[in-house]
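Colleague: input-v1.cif is the file, holding mmCIF, C-alpha atoms:
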```
data_data
#
loop_
_atom_site.label_atom_id
_atom_site.label_comp_id
_atom_site.auth_asym_id
_atom_site.auth_seq_id
_atom_site.Cartn_x
_atom_site.Cartn_y
_atom_site.Cartn_z
CA MET A 1 94.01 112.53 97.92
CA ILE A 2 95.50 111.00 94.80
CA ILE A 3 92.99 110.29 92.03
CA GLU A 4 94.09 108.19 89.07
CA ILE A 5 92.08 107.09 86.04
CA VAL A 6 92.58 103.63 84.52
CA ALA A 7 90.99 103.06 81.11
CA ALA A 8 91.39 101.23 77.82
CA ILE A 9 90.23 103.23 74.79
CA ALA A 10 89.90 102.37 71.10
CA ASP A 11 92.09 104.79 69.13
CA ASN A 12 89.73 106.01 66.43
CA THR A 13 86.44 105.95 68.27
CA GLN A 14 87.16 106.58 71.99
CA VAL A 15 85.04 103.46 72.62
CA ILE A 16 85.39 101.86 76.05
CA GLY A 17 82.42 99.48 75.96
CA ARG A 18 79.79 97.70 73.91
CA ASN A 19 76.65 95.97 75.18
CA GLY A 20 77.82 96.15 78.79
CA LYS A 21 81.21 94.57 78.09
CA ILE A 22 84.74 95.47 77.07
CA PRO A 23 84.80 95.00 73.27
CA TRP A 24 88.23 93.33 73.07
CA ARG A 25 90.32 90.67 74.73
CA ILE A 26 93.69 91.99 75.87
CA LYS A 27 94.96 89.86 78.74
CA THR A 28 98.22 91.82 79.04
CA ASP A 29 96.19 94.95 79.79
CA LEU A 30 94.10 93.09 82.38
CA ALA A 31 97.32 92.07 84.14
CA ASN A 32 98.44 95.71 84.08
CA PHE A 33 95.05 96.77 85.47
CA HIS A 34 95.42 94.30 88.32
CA LYS A 35 98.95 95.52 89.08
CA LEU A 36 97.86 99.20 89.09
CA THR A 37 94.78 98.72 91.24
CA ASN A 38 95.93 95.96 93.59
CA MET A 39 95.72 97.02 97.26
CA GLN A 40 94.10 100.34 96.28
CA TRP A 41 90.53 101.65 96.28
CA VAL A 42 88.59 101.49 93.03
CA VAL A 43 85.55 103.59 92.22
CA MET A 44 83.13 102.70 89.45
CA GLY A 45 79.59 103.17 88.27
CA ARG A 46 76.87 100.59 88.78
CA ASN A 47 77.00 99.37 85.16
CA THR A 48 80.72 98.74 85.46
CA TRP A 49 80.09 96.91 88.74
CA GLU A 50 77.44 94.75 87.09
CA SER A 51 79.78 93.92 84.20
CA LEU A 52 82.48 92.51 86.49
CA PRO A 53 82.78 88.74 86.18
CA GLN A 54 83.77 88.52 89.85
CA LYS A 55 82.51 90.92 92.52
CA PRO A 56 83.96 92.60 94.47
CA LEU A 57 87.38 93.06 92.89
CA SER A 58 89.69 91.20 95.25
CA ASN A 59 92.50 92.88 97.18
CA ARG A 60 90.88 96.27 96.55
CA GLY A 61 88.39 98.44 98.30
CA ASN A 62 85.34 98.79 96.02
CA ILE A 63 83.17 101.92 95.85
CA VAL A 64 80.18 101.98 93.50
CA ILE A 65 78.38 105.15 92.44
CA THR A 66 74.70 104.60 91.69
CA THR A 67 71.51 106.63 91.71
CA GLN A 68 69.43 103.56 92.55
CA LYS A 69 67.80 104.01 95.96
CA HIS A 70 68.38 100.48 97.29
CA PRO A 71 70.93 98.77 95.07
CA THR A 72 71.98 95.17 95.50
CA ILE A 73 75.69 95.71 95.93
CA GLU A 74 77.42 93.25 98.23
CA GLY A 75 81.10 93.63 99.07
CA ALA A 76 81.31 97.29 98.15
CA ALA A 77 80.45 100.67 99.57
CA TRP A 78 77.81 102.40 97.50
CA VAL A 79 77.22 106.12 97.19
CA ASP A 80 75.18 108.36 94.93
CA ASN A 81 77.76 110.92 93.75
CA ILE A 82 81.50 111.55 93.40
CA GLU A 83 81.64 113.82 96.45
CA SER A 84 80.32 110.98 98.60
CA ALA A 85 82.77 108.58 96.95
CA MET A 86 85.68 110.85 97.85
CA GLY A 87 84.31 111.33 101.36
CA ILE A 88 84.02 107.60 102.04
CA PHE A 89 87.49 107.07 100.58
CA ARG A 90 88.93 109.70 102.95
CA PHE A 91 87.09 108.17 105.91
CA LEU A 92 88.13 104.60 105.16
CA THR A 93 91.79 105.48 104.51
CA LYS A 94 92.45 108.14 107.14
CA HIS A 95 94.34 105.73 109.41
CA SER A 96 96.20 103.91 106.62
CA SER A 97 99.95 103.67 107.06
CA THR A 98 100.50 103.74 103.30
CA GLU A 99 99.43 106.30 100.74
CA GLN A 100 96.21 105.12 99.16
CA LYS A 101 95.02 106.06 95.70
CA LEU A 102 91.47 106.32 94.47
CA MET A 103 91.54 104.50 91.13
CA VAL A 104 88.70 105.47 88.78
CA ILE A 105 87.82 102.46 86.60
CA GLY A 106 84.67 103.48 84.71
CA GLY A 107 82.23 103.86 83.16
CA ALA A 108 81.80 106.89 80.96
CA ARG A 109 79.94 109.10 83.45
CA VAL A 110 82.33 108.30 86.30
CA TYR A 111 85.32 109.04 84.05
CA HIS A 112 83.69 112.31 82.98
CA ASP A 113 83.03 113.41 86.55
CA PHE A 114 86.48 112.51 87.90
CA LEU A 115 88.54 113.70 84.90
CA PRO A 116 88.89 117.32 86.16
CA LEU A 117 90.11 116.00 89.54
CA ALA A 118 92.56 113.34 88.37
CA GLN A 119 96.30 113.83 88.67
CA VAL A 120 97.29 110.70 86.70
CA MET A 121 95.76 108.68 83.85
CA HIS A 122 96.82 105.16 82.88
CA ILE A 123 95.43 104.83 79.38
CA THR A 124 95.65 101.76 77.21
CA HIS A 125 95.31 102.94 73.61
CA VAL A 126 93.88 100.01 71.67
CA HIS A 127 95.09 100.37 68.09
CA ALA A 128 91.89 99.37 66.34
CA HIS A 129 88.70 100.91 65.04
CA ILE A 130 86.10 99.40 67.36
CA GLU A 131 82.39 100.12 67.33
CA GLY A 132 80.65 100.48 70.65
CA ASP A 133 78.05 102.31 72.70
CA VAL A 134 80.09 103.69 75.61
CA TYR A 135 82.78 106.34 75.09
CA PHE A 136 85.60 107.87 77.09
CA PRO A 137 85.04 111.61 77.65
CA GLN A 138 86.87 114.24 75.61
CA VAL A 139 90.29 115.02 77.08
CA ASN A 140 92.21 118.27 76.69
CA TRP A 141 95.53 116.59 75.95
CA ASN A 142 97.33 119.94 76.40
CA GLU A 143 96.78 119.44 80.15
CA TRP A 144 98.59 116.08 80.20
CA LYS A 145 102.14 114.88 79.67
CA ALA A 146 103.04 111.30 78.76
CA GLU A 147 105.63 110.09 81.27
CA GLU A 148 105.83 106.39 80.44
CA SER A 149 104.80 104.49 77.35
CA LYS A 150 105.10 100.87 76.26
CA ASP A 151 103.97 99.33 72.98
CA TYR A 152 102.60 95.79 72.65
CA LYS A 153 101.83 93.70 69.58
CA ALA A 154 98.73 91.62 69.00
CA SER A 155 99.27 88.05 70.14
CA GLU A 156 97.45 84.88 71.09
CA LYS A 157 96.32 86.54 74.31
CA ASP A 158 95.86 90.08 72.96
CA ASP A 159 93.38 90.73 70.12
CA TYR A 160 94.92 94.02 68.96
CA PRO A 161 98.18 95.93 69.24
CA PHE A 162 98.06 98.54 71.99
CA THR A 163 100.12 101.07 73.90
CA ILE A 164 99.93 101.64 77.65
CA VAL A 165 100.68 105.25 78.56
CA ARG A 166 100.97 106.89 81.97
CA TYR A 167 99.95 110.54 81.75
CA VAL A 168 100.41 113.16 84.48
CA ARG A 169 98.56 116.44 84.68
CA ILE A 170 100.79 119.43 83.91
#
```
Output the structure of this file as structure tokens.
Modeller:
Amino acid sequence: MIIEIVAAIADNTQVIGRNGKIPWRIKTDLANFHKLTNMQWVVMGRNTWESLPQKPLSNRGNIVITTQKHPTIEGAAWVDNIESAMGIFRFLTKHSSTEQKLMVIGGARVYHDFLPLAQVMHITHVHAHIEGDVYFPQVNWNEWKAEESKDYKASEKDDYPFTIVRYVRI
């Protein structure tokens, strides 16, 4: 099973969210997110699910982790822990003719729980000091190697400059 993390993080603060939303507008990163996760399985927490403007994410299998007993989650498989998420992913992809990836897309607790298991991270480093209330977990960067990196400038469609980096576990 290939587990990859996809996240956008404010440089100085490790912020990934504020008031249930992403605290920046970076359309180039959203296009990259779509490209990375298209035709894959995504796993997220309930708060991330609820923050999506359109549910489920199209052209992707959606798995939601929640501790609610009877959540209202239509169009996605829901489970109560990461072991169940990985189990349902294995079950649903066991007959796939192509290699499927489990793409971890947030929030903070889901990132924290999957971080020790991930082989790849696609991190968008937003070059701004952004205040927020949801943070990416601490990463031991000595365990990761940057394989690809691309810098972008702020523009009409992107609020801040940013760098998209693909890290692999070493």
Colleague: Taking only C-alpha atoms into account, produce a table as CSV in which each residue of range 27-78 of chain A with an atom at most 6 Å from an atom of range 96-113 of chain A appears once, together with its shortest atom pair and the distance in Å to one decimal, ordered by chain and rising number.
Modeller:
```
residue,atom,partner,partner_atom,distance
A:Gln40,CA,A:Lys101,CA,5.8
A:Trp41,CA,A:Leu102,CA,5.1
A:Val42,CA,A:Met103,CA,4.6
A:Val43,CA,A:Val104,CA,5.0
A:Met44,CA,A:Gly106,CA,5.0
A:Gly45,CA,A:Gly107,CA,5.8
A:Thr48,CA,A:Gly107,CA,5.8
```
Colleague: Could you check how far CA of Ile16 in chain A sits from CA of Ala31 in chain A, in Å to one decimal?
Modeller: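 Atom-to-atom, CA of Ile16 in chain A and CA of Ala31 in chain A are spaced 17.4 Å apart.
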Colleague: So which one's closest to Thr37 in chain A, A:Lys94, A:His125, A:Arg18, A:Arg60? Using all atoms listed in the file, please.
Modeller: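 Of all the options, A:Arg60 lies closest to Thr37 in chain A.
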Colleague: To one decimal place, how far is CA of Glu156 in chain A from CA of Asp29 in chain A in Å?
Modeller: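 Pair CA of Glu156 in chain A / CA of Asp29 in chain A returns 13.4 Å.
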Colleague: I'd like to know which of A:Ala128, A:Ile5, A:Ala77, A:Val15 is closest to Arg169 in chain A, using all atoms listed in the file.
Modeller: A:Ile5
Colleague: Just want the 10 Å neighbourhood of range 147-149 of chain A, counted on only C-alpha atoms, with same-chain residues fewer than 2 positions away dropped. Output as number ranges by chain.
Modeller: A: 120, 122-124, 144-145, 151, 163-168
Colleague: So what do you get for CA of Asp80 in chain A versus CA of Gly17 in chain A, distance-wise?
Modeller: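 It comes out at 22.2 Å.
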Colleague: Which residues are near Lys27 in chain A? Cut-off 9 Å, all atoms listed in the file, ignore same chain within fewer than 6 positions. Put them as a PyMOL selection string.
Modeller: chain A and resi 157-159
Colleague: Pick the closest to Ala118 in chain A from A:Ser51, A:Thr66, A:Lys150, A:Ile3: which is it, counting only C-alpha atoms?
Modeller: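 Looking at the shortest contact to Ala118 in chain A, the residue is A:Ile3.
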Colleague: Give the answer as one residue: which of A:Leu52, A:Ser84, A:Leu115, A:Ala10 has the shortest atom-to-atom distance to Val139 in chain A, using all atoms listed in the file?
Modeller: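 Among the listed residues, the smallest separation from Val139 in chain A belongs to A:Leu115.
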Colleague: Assuming 4 Å of padding per side, give the centre and edge lengths of the axis-aligned box around every listed atom of range 8-23 of chain A, in Å to one decimal and as JSON.
Modeller:
```
{"center_x": 84.4, "center_y": 100.6, "center_z": 72.6, "size_x": 23.4, "size_y": 20.0, "size_z": 20.4}
```
Colleague: Name the closest residue to Asn19 in chain A among the candidates A:Asn47, A:His70, A:Ser58, A:Met39; distances are taken between atoms, counting only C-alpha atoms.
Modeller: A:Asn47
Colleague: Between A:Thr67, A:Gln54, A:Thr28, A:Thr13, which residue has the minimum interatomic distance to Ala154 in chain A, considering all atoms listed in the file?
Modeller: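 So, comparing all the options, the nearest one is A:Thr28.
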Colleague: Could you list, as an MDAnalysis selection string, every residue within 6 Å of Trp78 in chain A, counting only C-alpha atoms and ignoring same-chain residues fewer than 2 positions away?
Modeller: chainID A and resid 63:65
